[in-house]
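Visitor: Quick one: structure below, then a few questions.
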There are 2 protein chains.
Amino acid sequence: MAKKNLIVGQSGGPTAVINSSLYGVVSEGLSHPDTIEHVYGMVNGIEGFLNDCILDFEEALPGEDLNGLKSTPGAYLGSCRYKLPESLEDPVYPALFKKFEELNIGWFFYIGGNDSMDTVSKLSRYAEHIGSSIRVIGEPKTIDNDLVHTDHTPGFGSAAKYVASTVREITTDANVYEKKSVTIIEIMGRHAGWLTAASALARKYDGDNPLFIYLPEVAFDQDVFLKDLEKAFEKNCNLIVCVSEGIHDADGTFICEYDSSVGTDTFGHKMLAGCGKYLENLVRSRLGVKARSVELNVSQRCSASLISATDQKEAITAGKFGVQAALNGETGKMVSFIRQTDSEGNYQMVCGLEDVNAICNEEKTVPLTWITSDGHDVTEDFIRYARPLIQGNIEVPLGEDGLPKFVYRK
Amino acid sequence: MAKKNLIVGQSGGPTAVINSSLYGVVSEGLSHPDTIEHVYGMVNGIEGFLNDCILDFEEALPGEDLNGLKSTPGAYLGSCRYKLPESLEDPVYPALFKKFEELNIGWFFYIGGNDSMDTVSKLSRYAEHIGSSIRVIGEPKTIDNDLVHTDHTPGFGSAAKYVASTVREITTDANVYEKKSVTIIEIMGRHAGWLTAASALARKYDGDNPLFIYLPEVAFDQDVFLKDLEKAFEKNCNLIVCVSEGIHDADGTFICEYDSSVGTDTFGHKMLAGCGKYLENLVRSRLGVKARSVELNVSQRCSASLISATDQKEAITAGKFGVQAALNGETGKMVSFIRQTDSEGNYQMVCGLEDVNAICNEEKTVPLTWITSDGHDVTEDFIRYARPLIQGNIEVPLGEDGLPKFVYRK
């Protein structure tokens, strides 16, 4: 069989381990020299590919340099937010497949979230439509953990570890003064509260902060919230409140919209800003106590020092598994995670394949049964689910300057 | 000589290594059992001490537990912002010294910044005034690095390492899209720009981000700023701008005051909020490009995973040195750092003692000669000064839950 080339791209928002997934795909691709001639990367996803921006990994990251991907946050290849047209009759599809043919592409990998799986779905359907032999596989990534048909998603474990560690640190910081205070911590997650729920992992003992955790899965009532804080002050001095950026009231109005302007991004998502700041001001003016807010912001998805070793390992495994599946002829699939327990009852994860058409444009939220009836905490079921995913520290190689050494495109 | 007791307190805002200084004082104190009977801690500083809140370290953190202080951020003993009266005739002084006598205190240590050194100054002067033999020593700490008569301050190195690492990570995150963007990173420091300057350490190569660094030491002009950004866009796609929270215009008006309300804290400092958010909105509306802002917030002073090994070691050394000095009869002094180079030209630090009266209420800012003439960068002199202070990672012990194990008061 004549050799063909493999191409891989990254799309959507980066995570701390999206480059580990890339490492998995590329290293597995390079380990099949009898079948795979070149391993190419699309620079800035499908959008960059349309502009002929590609690189060859053996030139860009030769030898040991490839290992640098494992501890480099951000998207090494660059990313895009480009939505392919709904109609497979659109001229972009033949244009894309002409380029695939010119580059002798046999295998196409796209690492991303829901929107990227939409791209995988369309390309695999078009390939089938025209009888192309190109295999198209999706590699999951999202800190939001909102992909369906998979136990969890690469990127979530590291983001969850960042949230849990940082909330624990902020708690030590908040506890220094003997004066009533409220610290609002705003955590990423527009519609799914997985990351905010991970703040529960920060508790060092029963009754420790964060005392309140609000997810977008249940309606937020600011009057009940203020009453709950007042009650908590009867026993506690410093209250930590973790809120998802996407909390909303019973009418569906986002709390951040109470006080700030919004817009929409390319995919029609609402752009939210500032429920933490809103609640800080609310608490200060209504309860008359010291209040501050902390937005964890992009460090949630790009902290190298808090990459979860489990998450990194799983991202690499998923990358490799996808290549093996494509070589076996699979297409139109996303690599999924299936949770198992070993003979000693310990967590282990195995990869599976799911029809990408059943995944794209769907969203998995935190089960309501994992949220306590008072609406401001998560249950032990969530803790048992999330705890294994944040285990293990990685060693980040340091450069001569004493800081983490990252790889980047020259 | 009859044995006496040692007491130590923490004051002001915490740092990542204020507990390492505490470890130094306590471990050194416990190593002199022939002279020092008990090593006590004031809970919540001098304010808590006035309310008889103290603990005995041999009970609170027995044996190996004491080591936990070295990687626990926040202030283990709790803190306060309590300013002793200016007049030594105030009844609080005899009240304090009566308590010292009842507790058989021979040595008093206070770990803090400028305001805490004010407390050390007043207590040592009052002790001299009444002929008390109590030795009063200040242990420096502040992430702001603004204490005079010392090369640098424990706490700065770890905060600088957090800033440099995080700015490098945010740069990888910002670089993923091929679309003009400006990311404003707001860094702590009201009047002194040391921490913001540390963002320059993040650069991986000449011309790397952050492309603009604004310190409070020079006036900020928003029209020049916008023109500089436009010029930078000719060669760059994603611009990272690091700003001190305290940047102000030529008239002395804080940029955050352009758009937000302010108040004052106990010591009469202005409470600032939001120059990053202000500049984000300015850039978006005036340049029409994608803009976001990230406030690094309290993680700058409480990140355990990014504690600088150099900073930790120096904080411990300073703590021990202070106890040795007090045992030698020194009083009214602050432990200082003197920079030296060893025979191979490498950085090394030795401790000294400075008159605390010359330190309290003074503020050391970044030398103007270390700021480039265009006002938006720092020179190699600063890099050479700061680079040694961020060297080395520490290993943070993990608990069974997979997260950093912190010690705390039960």
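Every chain in the structure tokens has a letter given in the order shown (A, B, ...), and although residue numbers restart at 1 in each chain, ligands are simply numbered from 1 in the order shown.
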From a DSSP pass on the backbone, collect the residues of stretch 115-260 of chain B flagged as alpha helix (DSSP H) and hand them back as an MDAnalysis selection string.
Guide: chainID B and resid 115:130 156:174 194:197 222:232
Visitor: Counting only C-alpha atoms, which residues from chain B have an atom at most 6 Å from any atom of chain A, and could you show them as a PyMOL selection string?
Guide: chain B and resi 74-75+78-80+169+172-173+176-177+302+391+402
Visitor: One number please: atom CA of A:Ile36 to atom CA of A:Ser116, in Å, one decimal.
Guide: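 We find that atom CA of A:Ile36 and atom CA of A:Ser116 lie 23.9 Å from each other.
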Visitor: Would you please give, as a list in words, all residues of stretch 27-164 of chain B that DSSP assigns to strand (DSSP E) based on the backbone?
Guide: Ile36, Glu37, His38, Val39, Tyr40, Gly41, Met42, Ile54, Leu55, Asp56, Ile105, Gly106, Trp107, Phe108, Phe109, Tyr110, Ile111, Gly112, Arg135, Val136, Ile137, Gly138, Glu139 and Pro140 of chain B
Visitor: In Å, with one decimal, what is the gap from atom CA of B:Arg190 to atom CA of B:Ser87?
Guide: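 Atom CA of B:Arg190 sits 28.3 Å away from atom CA of B:Ser87.
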Visitor: Can you list, as a PyMOL selection string, every protein, DNA or RNA residue that comes within 6 Å of stretch 142-154 of chain A when you count only C-alpha atoms, leaving out same-chain residues fewer than 3 positions away?
Guide: chain A and resi 113+159+189+311+315+336-338+359+363-364
Visitor: Just to confirm, what's the straight-line distance from atom CA of A:Glu101 to atom CA of A:Ser20 in Å (one decimal)?
Guide: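 Straight-line distance from atom CA of A:Glu101 to atom CA of A:Ser20 works out to 27.9 Å.
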Visitor: List the neighbours of B:Ile54 out to 7 Å using only C-alpha atoms; skip same-chain residues closer than 6 positions along the sequence, and give me the result as a PyMOL selection string.
Guide: chain B and resi 40-43
Visitor: Counting only C-alpha atoms, which of B:Thr379, B:Thr365, B:Thr253, B:Ser132 gets nearest to B:Trp194?
Guide: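 Residue with the minimum atom-to-atom distance to B:Trp194: B:Thr365.
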